[in-house]
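structure10.txt follows; it contains compact mmCIF, C-alpha atoms.
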# COMPACT_ATOMS: atom_id res chain seq x y z
CA MET F 1 118.56 274.43 9.25
CA LEU F 2 115.06 274.96 10.45
CA SER F 3 114.34 276.07 13.95
CA LYS F 4 112.24 273.93 16.26
CA ALA F 5 109.46 276.45 16.04
CA THR F 6 109.44 276.23 12.26
CA ILE F 7 109.43 272.42 12.30
CA LEU F 8 106.54 272.32 14.79
CA ALA F 9 104.58 274.79 12.64
CA LEU F 10 105.11 272.68 9.51
CA CYS F 11 104.01 269.51 11.30
CA ALA F 12 100.84 271.19 12.53
CA ALA F 13 100.05 272.40 9.00
CA ALA F 14 100.60 268.95 7.54
CA SER F 15 98.27 267.42 10.10
CA VAL F 16 95.49 269.85 9.20
CA LYS F 17 96.03 269.27 5.45
CA GLU F 18 95.74 265.50 5.94
CA VAL F 19 92.42 265.95 7.64
CA ALA F 20 91.15 268.34 4.98
CA ALA F 21 92.47 266.28 2.07
CA GLY F 22 91.47 262.92 3.47
CA PRO F 23 89.03 260.83 1.36
CA PHE F 24 85.28 261.18 2.18
CA HIS F 25 81.91 259.74 1.08
CA ARG F 26 78.24 260.52 1.50
CA HIS F 27 75.33 258.87 3.19
CA VAL F 28 71.87 259.62 1.79
CA HIS F 29 69.11 260.09 4.31
CA PRO F 30 65.79 260.20 2.43
CA LYS F 31 62.59 261.93 3.43
CA ARG F 32 59.63 260.43 1.57
CA ALA F 33 56.08 261.48 0.88
CA ILE F 34 53.51 259.94 -1.42
CA VAL F 35 51.53 262.28 -3.65
CA TRP F 36 48.43 260.91 -5.43
CA ALA F 37 47.77 262.88 -8.58
CA GLU F 38 45.68 261.68 -11.51
CA THR F 39 45.88 258.20 -9.90
CA ASP F 40 49.71 258.05 -10.46
CA THR F 41 52.16 257.65 -7.53
CA VAL F 42 54.97 260.21 -7.36
CA ILE F 43 57.91 259.72 -5.01
CA VAL F 44 59.39 262.97 -3.69
CA THR F 45 62.84 262.50 -2.10
CA ASP F 46 64.96 265.09 -0.29
CA TYR F 47 68.68 264.30 0.00
CA VAL F 48 70.78 265.34 3.03
CA THR F 49 74.57 265.19 2.67
CA ARG F 50 76.93 264.69 5.66
CA THR F 51 80.72 264.75 5.25
CA VAL F 52 82.83 262.52 7.53
CA THR F 53 86.49 261.62 7.82
CA GLU F 54 87.59 258.21 6.57
CA GLY F 55 87.47 255.67 9.33
CA GLU F 56 84.88 257.67 11.29
CA GLU F 57 81.86 256.99 9.14
CA GLY F 58 79.69 255.46 11.81
CA PRO F 59 76.99 252.84 11.05
CA THR F 60 75.80 252.44 7.46
CA ILE F 61 72.19 253.50 6.73
CA ALA F 62 70.25 251.22 4.39
CA ILE F 63 68.13 253.09 1.85
CA PRO F 64 64.80 251.33 1.21
CA THR F 65 63.62 250.98 -2.38
CA SER F 66 60.39 252.64 -3.49
CA SER F 67 58.65 249.27 -3.57
CA SER F 68 59.18 248.90 0.19
CA VAL F 69 57.60 252.22 1.11
CA LYS F 70 53.97 252.31 2.20
CA VAL F 71 52.07 255.46 3.02
CA GLU F 72 48.52 255.23 4.29
CA ALA F 73 46.06 258.11 4.50
CA GLU F 74 43.66 257.87 7.40
CA SER F 75 40.77 259.89 6.10
CA GLU F 76 41.15 259.87 2.32
CA PRO F 77 39.59 257.30 -0.04
CA THR F 78 42.01 254.54 -0.97
CA PRO F 79 43.04 255.01 -4.59
CA SER F 80 44.69 251.60 -4.85
CA ALA F 81 41.67 250.26 -6.66
CA VAL F 82 42.01 252.90 -9.36
CA SER F 83 44.51 252.17 -12.11
CA SER F 84 46.01 254.96 -14.17
CA THR F 85 45.22 252.96 -17.27
CA SER F 86 41.85 251.53 -16.33
CA PRO F 87 38.88 253.91 -16.14
CA LEU F 88 36.28 253.45 -13.44
CA SER F 89 33.39 251.31 -14.56
CA THR F 90 29.96 252.89 -14.52
CA PRO F 91 26.58 251.25 -14.16
CA SER F 92 24.55 251.32 -17.29
CA VAL F 93 21.58 253.64 -17.42
CA PRO F 94 18.33 252.20 -18.59
CA THR F 95 16.47 253.89 -21.42
CA THR F 96 12.74 253.46 -22.35
CA VAL F 97 9.86 251.51 -24.10
CA VAL F 98 7.21 251.38 -27.06
CA THR F 99 3.79 250.71 -29.00
CA LEU F 100 1.95 250.76 -32.56
CA VAL F 101 0.87 248.90 -35.68
CA LYS F 102 2.54 249.38 -39.02
CA PRO F 103 1.40 248.44 -42.49
CA SER F 104 3.37 245.41 -43.48
CA SER F 105 4.25 243.42 -46.52
CA THR F 106 2.59 240.25 -47.73
CA SER F 107 3.49 237.73 -45.06
CA THR F 108 3.55 240.00 -42.03
CA PRO F 109 0.60 241.21 -39.97
CA VAL F 110 -0.91 244.42 -41.28
CA VAL F 111 -0.61 247.33 -38.87
CA GLU F 112 -2.76 250.38 -39.17
CA ILE F 113 -0.82 253.62 -38.99
CA PRO F 114 -2.56 256.26 -36.90
CA THR F 115 -3.02 259.53 -38.75
CA THR F 116 -1.22 262.67 -37.79
CA SER F 117 -4.40 264.11 -36.35
CA SER F 118 -3.82 262.25 -33.10
CA THR F 119 -2.39 264.33 -30.28
CA ALA F 120 0.26 263.59 -27.69
CA ALA F 121 0.52 264.88 -24.16
CA ALA F 122 3.67 266.79 -23.33
CA SER F 123 6.02 264.77 -21.18
CA PRO F 124 9.06 265.53 -19.05
CA ILE F 125 12.46 264.92 -20.52
CA VAL F 126 13.77 261.37 -20.29
CA HIS F 127 17.39 260.88 -21.15
CA ASP F 128 18.35 257.90 -23.23
CA ALA F 129 21.18 255.69 -21.96
CA ALA F 130 22.79 255.65 -25.35
CA SER F 131 23.49 259.37 -25.16
CA THR F 132 23.69 260.09 -21.44
CA THR F 133 26.99 260.69 -19.70
CA SER F 134 27.28 259.53 -16.13
CA ALA F 135 29.71 261.35 -13.84
CA GLN F 136 31.86 259.20 -11.59
CA PRO F 137 33.02 259.95 -8.04
CA THR F 138 35.91 262.38 -7.71
CA ILE F 139 39.08 260.91 -6.26
CA GLU F 140 40.89 263.43 -4.07
CA ALA F 141 44.65 263.32 -3.87
CA VAL F 142 46.64 262.74 -0.69
CA ALA F 143 48.55 265.99 -0.25
CA SER F 144 52.31 266.12 0.36
CA THR F 145 53.95 268.95 2.31
CA THR F 146 56.93 268.84 -0.07
CA SER F 147 54.78 269.02 -3.20
CA SER F 148 53.89 272.29 -4.90
CA ALA F 149 50.36 270.92 -5.47
CA ALA F 150 48.71 270.82 -2.08
CA GLU F 151 45.75 268.86 -3.44
CA ALA F 152 45.06 267.00 -6.69
CA GLU F 153 41.83 265.59 -8.07
CA SER F 154 41.05 263.10 -10.75
CA SER F 155 37.51 263.10 -12.12
CA VAL F 156 36.69 260.07 -14.19
CA THR F 157 33.67 260.39 -16.51
CA THR F 158 32.55 257.36 -18.47
CA SER F 159 29.90 257.40 -21.20
CA THR F 160 27.33 254.70 -20.80
CA SER F 161 27.69 252.19 -23.60
CA SER F 162 24.78 251.92 -25.92
CA SER F 163 25.45 248.24 -26.22
CA SER F 164 24.53 247.80 -22.58
CA SER F 165 22.26 244.84 -21.87
CA THR F 166 19.67 247.27 -20.45
CA GLY F 167 19.76 249.79 -23.27
CA LYS F 168 19.11 248.00 -26.54
CA ARG F 169 15.70 246.36 -26.40
CA GLY F 170 12.67 248.42 -27.38
CA ALA F 171 9.00 248.01 -28.21
CA ALA F 172 7.35 248.53 -31.57
CA TYR F 173 3.82 249.23 -30.38
CA ASN F 174 0.33 250.39 -31.25
CA ASP F 175 -1.26 250.06 -27.83
CA ALA F 176 0.80 252.00 -25.27
CA SER F 177 -0.85 250.19 -22.37
CA LEU F 178 0.93 246.98 -23.40
CA VAL F 179 4.26 248.69 -22.91
CA SER F 180 3.26 249.50 -19.34
CA THR F 181 2.14 245.91 -18.85
CA VAL F 182 5.49 244.48 -19.99
CA LEU F 183 7.39 246.91 -17.79
CA GLY F 184 5.21 245.83 -14.88
CA LEU F 185 6.21 242.22 -15.59
CA GLY F 186 9.88 243.17 -15.27
CA GLY F 187 10.60 243.56 -18.97
CA LYS F 188 13.91 245.12 -19.96
CA LEU F 189 12.42 247.25 -22.70
CA THR F 190 13.98 250.70 -22.50
CA TRP F 191 12.55 252.63 -25.44
CA ALA F 192 9.62 252.64 -27.84
CA TYR F 193 8.33 253.81 -31.19
CA ASN F 194 5.03 253.45 -33.04
CA TRP F 195 5.68 254.51 -36.66
CA THR F 196 4.35 258.03 -35.91
CA PRO F 197 5.63 261.25 -34.33
CA ASP F 198 3.08 260.97 -31.50
CA PRO F 199 3.67 258.90 -28.33
CA ASN F 200 -0.09 258.21 -28.18
CA GLY F 201 -0.34 257.57 -24.44
CA LEU F 202 3.11 256.13 -23.84
CA GLU F 203 4.34 256.50 -20.26
CA GLU F 204 6.33 259.68 -19.85
CA SER F 205 9.19 257.75 -18.29
CA VAL F 206 9.68 255.74 -21.47
CA MET F 207 12.04 257.04 -24.16
CA PHE F 208 10.04 257.68 -27.33
CA TYR F 209 11.56 257.97 -30.81
CA PRO F 210 9.28 259.68 -33.35
CA MET F 211 9.12 258.54 -36.96
CA LEU F 212 8.18 260.47 -40.10
CA TRP F 213 6.62 257.58 -42.01
CA SER F 214 6.81 259.30 -45.40
CA THR F 215 6.69 262.72 -47.04
CA ALA F 216 3.01 262.26 -47.94
CA SER F 217 0.93 265.11 -46.53
CA ASP F 218 -1.07 262.90 -44.17
CA HIS F 219 2.22 262.06 -42.43
CA SER F 220 4.35 265.17 -42.92
CA THR F 221 1.78 267.82 -41.99
CA GLY F 222 2.68 269.18 -38.58
CA TRP F 223 5.94 267.22 -38.47
CA ASP F 224 8.05 270.12 -37.20
CA ASP F 225 5.71 270.88 -34.31
CA LYS F 226 5.65 267.22 -33.31
CA ALA F 227 9.41 266.89 -33.74
CA LYS F 228 9.99 269.83 -31.40
CA ALA F 229 7.50 268.38 -28.90
CA ALA F 230 9.38 265.07 -29.00
CA ILE F 231 12.65 266.86 -28.24
CA ASP F 232 10.98 268.68 -25.36
CA ARG F 233 9.76 265.29 -24.11
CA GLY F 234 13.33 263.97 -24.17
CA SER F 235 13.69 262.21 -27.53
CA THR F 236 17.32 261.87 -28.57
CA ALA F 237 16.81 260.34 -32.02
CA PHE F 238 14.46 260.63 -35.01
CA LEU F 239 13.52 257.79 -37.35
CA SER F 240 13.32 258.44 -41.08
CA PHE F 241 10.88 256.94 -43.62
CA ASN F 242 9.41 253.45 -43.24
CA GLU F 243 10.47 250.96 -45.94
CA PRO F 244 10.53 253.39 -48.86
CA ASP F 245 11.97 250.52 -50.91
CA ILE F 246 8.62 248.66 -50.74
CA SER F 247 5.65 249.80 -52.85
CA SER F 248 3.10 248.98 -50.13
CA GLN F 249 4.99 251.06 -47.58
CA ALA F 250 6.49 254.56 -47.94
CA ASN F 251 7.19 253.76 -51.61
CA MET F 252 9.86 256.32 -52.48
CA SER F 253 12.71 256.25 -54.93
CA PRO F 254 16.20 256.79 -53.50
CA SER F 255 16.32 260.31 -54.96
CA GLU F 256 12.85 261.19 -53.58
CA ALA F 257 13.86 259.88 -50.17
CA ALA F 258 17.14 261.84 -50.29
CA ASP F 259 15.30 265.07 -51.07
CA GLY F 260 12.70 264.41 -48.37
CA HIS F 261 15.36 263.48 -45.83
CA LYS F 262 17.16 266.77 -46.41
CA GLN F 263 13.93 268.74 -46.22
CA TYR F 264 12.56 267.26 -43.00
CA PHE F 265 15.61 266.12 -41.03
CA ALA F 266 18.57 268.38 -41.86
CA LYS F 267 17.37 271.12 -39.50
CA TYR F 268 17.61 268.72 -36.55
CA ALA F 269 21.22 267.70 -37.15
CA GLY F 270 23.19 268.12 -33.95
CA LYS F 271 20.02 268.26 -31.84
CA VAL F 272 19.15 264.57 -32.15
CA LYS F 273 20.58 261.53 -33.89
CA ILE F 274 18.93 260.86 -37.24
CA SER F 275 18.41 257.48 -38.88
CA SER F 276 18.51 256.49 -42.50
CA PRO F 277 15.18 255.46 -43.99
CA ALA F 278 14.32 252.01 -42.60
CA ILE F 279 14.95 249.43 -45.32
CA SER F 280 13.39 246.01 -45.78
CA SER F 281 15.38 242.77 -45.91
CA SER F 282 14.48 242.16 -49.56
CA GLU F 283 17.43 241.02 -51.65
CA SER F 284 15.86 242.16 -54.93
CA GLU F 285 17.66 244.80 -56.96
CA GLY F 286 16.46 248.25 -55.99
CA GLN F 287 15.23 247.07 -52.58
CA GLY F 288 16.81 246.46 -49.20
CA ILE F 289 20.55 247.12 -49.06
CA SER F 290 20.60 247.85 -52.81
CA TRP F 291 18.11 250.70 -52.24
CA LEU F 292 20.13 252.00 -49.26
CA THR F 293 23.28 252.20 -51.39
CA GLN F 294 21.40 254.15 -54.05
CA PHE F 295 19.99 256.46 -51.37
CA PHE F 296 23.48 257.40 -50.17
CA THR F 297 24.50 258.02 -53.78
CA ALA F 298 21.49 260.30 -54.30
CA CYS F 299 22.31 262.16 -51.08
CA ALA F 300 25.74 263.06 -52.45
CA GLY F 301 26.91 263.66 -48.90
CA GLY F 302 24.05 266.02 -48.12
CA CYS F 303 21.91 263.77 -45.89
CA GLN F 304 22.39 263.73 -42.14
CA VAL F 305 22.53 260.02 -41.20
CA ASP F 306 23.90 259.06 -37.80
CA PHE F 307 22.80 255.41 -37.91
CA CYS F 308 20.94 253.07 -40.24
CA ALA F 309 17.52 251.56 -39.54
CA ALA F 310 16.78 248.12 -40.95
CA HIS F 311 14.10 245.41 -40.91
CA TRP F 312 14.33 241.64 -41.32
CA TYR F 313 11.76 238.85 -41.78
CA GLY F 314 12.65 235.21 -42.35
CA PRO F 315 12.70 231.68 -40.91
CA GLY F 316 13.20 230.75 -37.27
CA GLY F 317 15.61 228.33 -35.63
CA THR F 318 19.37 228.63 -35.67
CA ASP F 319 19.47 228.88 -39.48
CA GLY F 320 17.14 231.84 -39.40
CA ALA F 321 19.17 233.45 -36.64
CA THR F 322 22.31 233.08 -38.77
CA GLN F 323 20.58 234.69 -41.76
CA PHE F 324 19.38 237.56 -39.59
CA LEU F 325 22.82 238.23 -38.10
CA ASP F 326 24.47 238.05 -41.53
CA HIS F 327 21.94 240.55 -42.90
CA ILE F 328 22.43 243.18 -40.20
CA THR F 329 26.20 242.85 -40.58
CA LYS F 330 25.82 243.68 -44.28
CA VAL F 331 23.61 246.65 -43.38
CA HIS F 332 26.33 247.86 -41.02
CA GLU F 333 28.87 247.68 -43.84
CA ALA F 334 26.55 249.40 -46.34
CA CYS F 335 25.96 252.13 -43.75
CA GLU F 336 29.64 253.06 -43.83
CA ASN F 337 30.14 251.06 -40.61
CA LYS F 338 27.78 253.27 -38.63
CA ASN F 339 25.56 251.79 -35.93
CA VAL F 340 22.40 249.89 -36.85
CA TRP F 341 18.94 250.01 -35.30
CA VAL F 342 16.86 246.93 -36.12
CA THR F 343 13.43 248.49 -35.70
CA GLU F 344 11.51 245.46 -37.01
CA PHE F 345 12.39 241.79 -37.18
CA ALA F 346 10.49 238.54 -36.84
CA ALA F 347 10.84 234.81 -37.39
CA GLN F 348 7.85 233.77 -39.49
CA SER F 349 8.31 230.01 -39.37
CA GLY F 350 10.16 227.28 -37.53
CA ASP F 351 11.38 227.40 -33.94
CA VAL F 352 10.83 230.98 -32.84
CA ASN F 353 12.02 230.34 -29.27
CA THR F 354 15.41 229.06 -30.45
CA PHE F 355 15.67 231.92 -32.93
CA MET F 356 14.92 234.50 -30.24
CA LYS F 357 17.33 233.05 -27.69
CA THR F 358 20.15 232.90 -30.24
CA VAL F 359 19.53 236.39 -31.58
CA VAL F 360 19.14 238.13 -28.22
CA ASP F 361 22.32 236.54 -26.87
CA LYS F 362 24.24 237.71 -29.93
CA LEU F 363 22.79 241.21 -30.04
CA GLU F 364 23.68 241.74 -26.39
CA SER F 365 27.28 240.63 -26.97
CA ASP F 366 30.32 242.74 -27.80
CA GLU F 367 30.47 241.06 -31.20
CA TYR F 368 27.35 242.97 -32.23
CA SER F 369 28.04 246.20 -30.38
CA PHE F 370 27.25 248.05 -33.61
CA VAL F 371 23.60 247.10 -33.14
CA GLU F 372 22.55 250.00 -30.95
CA LYS F 373 18.82 249.25 -30.67
CA TYR F 374 16.47 246.45 -31.67
CA SER F 375 12.73 245.84 -31.46
CA TYR F 376 10.80 242.71 -32.45
CA PHE F 377 7.65 242.97 -34.56
CA TRP F 378 5.67 243.59 -32.50
CA LEU F 379 4.20 244.20 -29.03
CA SER F 380 0.75 242.71 -29.53
CA GLU F 381 -1.32 239.61 -28.86
CA GLY F 382 -0.31 236.79 -31.19
CA SER F 383 3.32 237.91 -31.22
CA LEU F 384 5.28 238.98 -28.14
CA MET F 385 2.15 238.61 -26.00
CA ASN F 386 -0.28 235.73 -25.52
CA THR F 387 -2.87 237.99 -23.91
CA THR F 388 -3.00 241.63 -22.91
CA THR F 389 -1.49 240.66 -19.56
CA THR F 390 0.91 237.81 -20.38
CA LEU F 391 3.94 237.43 -22.61
CA SER F 392 4.38 234.57 -25.06
CA ASP F 393 7.30 232.17 -24.57
CA PHE F 394 9.52 233.99 -27.05
CA GLY F 395 8.12 237.29 -25.77
CA GLU F 396 9.55 236.46 -22.35
CA ILE F 397 12.93 235.75 -23.94
CA PHE F 398 12.85 239.04 -25.84
CA ALA F 399 11.67 241.07 -22.84
CA GLY F 400 14.27 239.45 -20.59
CA THR F 401 11.82 238.24 -17.95
CA VAL F 402 13.20 234.67 -17.99
With the file now loaded, output its structure as structure tokens.
Amino acid sequence: MLSKATILALCAAASVKEVAAGPFHRHVHPKRAIVWAETDTVIVTDYVTRTVTEGEEGPTIAIPTSSSVKVEAESEPTPSAVSSTSPLSTPSVPTTVVTLVKPSSTSTPVVEIPTTSSTAAASPIVHDAASTTSAQPTIEAVASTTSSAAEAESSVTTSTSSSSSTGKRGAAYNDASLVSTVLGLGGKLTWAYNWTPDPNGLEESVMFYPMLWSTASDHSTGWDDKAKAAIDRGSTAFLSFNEPDISSQANMSPSEAADGHKQYFAKYAGKVKISSPAISSSESEGQGISWLTQFFTACAGGCQVDFCAAHWYGPGGTDGATQFLDHITKVHEACENKNVWVTEFAAQSGDVNTFMKTVVDKLESDEYSFVEKYSYFWLSEGSLMNTTTTLSDFGEIFAGTV
């Protein structure tokens, strides 16, 4: 028999055990803070656990989902417009313009090439849009007191596309003053070349690309000095020989051109972009694309070629435009799918206005993004200009003033 005292003690112990062993559950009370880092949202949650006795839980606390939580920063820029998968867009940077006359084949106007004795004034550096990187605004993170990173930044840098509508069109010129005239009329020309290594009076604000017309002494003498001066001026690309596949032009065999290309251009690899020799649109064996293929074979991998330069002459109208676009696509393929600069082209018959409208629309589209630069032959009266102060109808289309 148990005494009363013992029984009372056992009852008290059982009561305490029931309380201690009774079933329990947890309520989660979140503390939330939004941390913006690299434009991603991170939810930081602290959990607080409270133990209660069954039947004495108190009111239930609803836990909001992450989609219902909004945190606003009063003084920080709103990053909601910045997607973690979509880079900030950047305005395109214009480049520069051109002028000169080149010797041409049978049905094209003859252009006189200035000799290398002409001098060029030194000009300040002008950066080409095709190679300039534009820094975007820095997005500062909203700091969280529970995060180990007090602040986070995301800097988005986007390279300006060379296929920008303000970066492709250039001027093939002889008279530099005409380039200034077209710019004054609102022309979208952004670069220029004149078949020589000398700017010959071109505005300093206009991107100039020097050309070594051939390895003949009257062109190659002093090339290195002029090449360095062009780099100091801001040139970002050099143009190799002019139509070496045509006897009336640079007139070089593929092997001669390969040797000359290595001699005069290899030293500038990495300093500027270097073109292939500029080929004609002839479809004869040993000319045009056929010559370009033989040139690459002769180079045996030893020629620095960052893009291919090509010319085209043919009929106008939509048929001519189709032929032109087909040709430059084939050049792109023959150039191992590198970018193409069309440094001369012209419709020599038919509807030139229709040809120009069709071609410009295409060249400025994403479909032909591999065409990095293009210049019509040429900036002079009787072609892109009616007079020294006015553009022709198709000149206005090319220059983008209409």
Identify which of the residues F:Tyr173, F:Tyr193, F:Phe398, F:Phe345 lies closest to Ala310 of chain F, counting only C-alpha atoms when measuring atom-to-atom distances.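 Nearest candidate to Ala310 of chain F out of F:Tyr173, F:Tyr193, F:Phe398, F:Phe345: F:Phe345.
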With distances taken over only C-alpha atoms, which of F:Trp312, F:Phe295, F:Trp191, F:Trp378 is nearest to Met207 of chain F?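 Among the listed residues, F:Trp191 lies closest to Met207 of chain F.
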Ranking F:Ser217, F:Cys299, F:Phe370, F:Lys362 by minimum distance to Glu333 of chain F and counting only C-alpha atoms, which one comes first?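 Nearest candidate to Glu333 of chain F out of F:Ser217, F:Cys299, F:Phe370, F:Lys362: F:Phe370.
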If you measure from atom CA of Leu379 of chain F to atom CA of Val352 of chain F, what distance in Å do you get, rounded to one decimal?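 Atom CA of Val352 of chain F lies at a distance of 15.3 Å from atom CA of Leu379 of chain F.
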Please determine the residues with any atom at most 12 Å from (22.0, 246.7, -36.4) (coordinates as given in the file, with only C-alpha atoms counting) and report them as a PyMOL selection string. chain F and resi 163+168-169+275+278-279+307-312+324-335+337-345+359+362-364+367-375
For atom CA of Ala250 of chain F and atom CA of Gly286 of chain F, quote the distance in Å rounded to one decimal. 14.3 Å
Report the distance between atom CA of Asp306 of chain F and atom CA of Asp361 of chain F in Å, rounded to one decimal place.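 Value for the atom CA of Asp306 of chain F-atom CA of Asp361 of chain F distance: 25.1 Å.
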Counting all atoms listed in the file, which residue out of F:Ile289, F:Met252, F:Val305, F:Ala347 sits closest to Gly270 of chain F?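 Closest candidate: F:Val305.
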Within 12 Å of (26.2, 263.8, -46.1) in the file's own coordinates, which protein, DNA or RNA residues have an atom, counting all atoms listed in the file? List them as an MDAnalysis selection string. chainID F and resid 258 261:262 265:266 269 274 276 295:306 335:336
For Met211 of chain F, which residue among F:Thr322, F:Thr236, F:Asn242, F:Ser255 is the nearest when counting only C-alpha atoms?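 Of all the options, F:Asn242 lies closest to Met211 of chain F.
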Among listed residues F:Thr215, F:Ser235, F:Ser253, F:Thr387, nearest Val272 of chain F (using only C-alpha atoms):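 Looking at the shortest contact to Val272 of chain F, the residue is F:Ser235.
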Can you tell me which residues surround Gln348 of chain F at a distance of at most 7 Å, considering only C-alpha atoms, apart from same-chain residues fewer than 6 positions away, and format the answer as a list in words?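 Close residues of Gln348 of chain F: Tyr313, Gly314, Pro315 and Gly316 of chain F.
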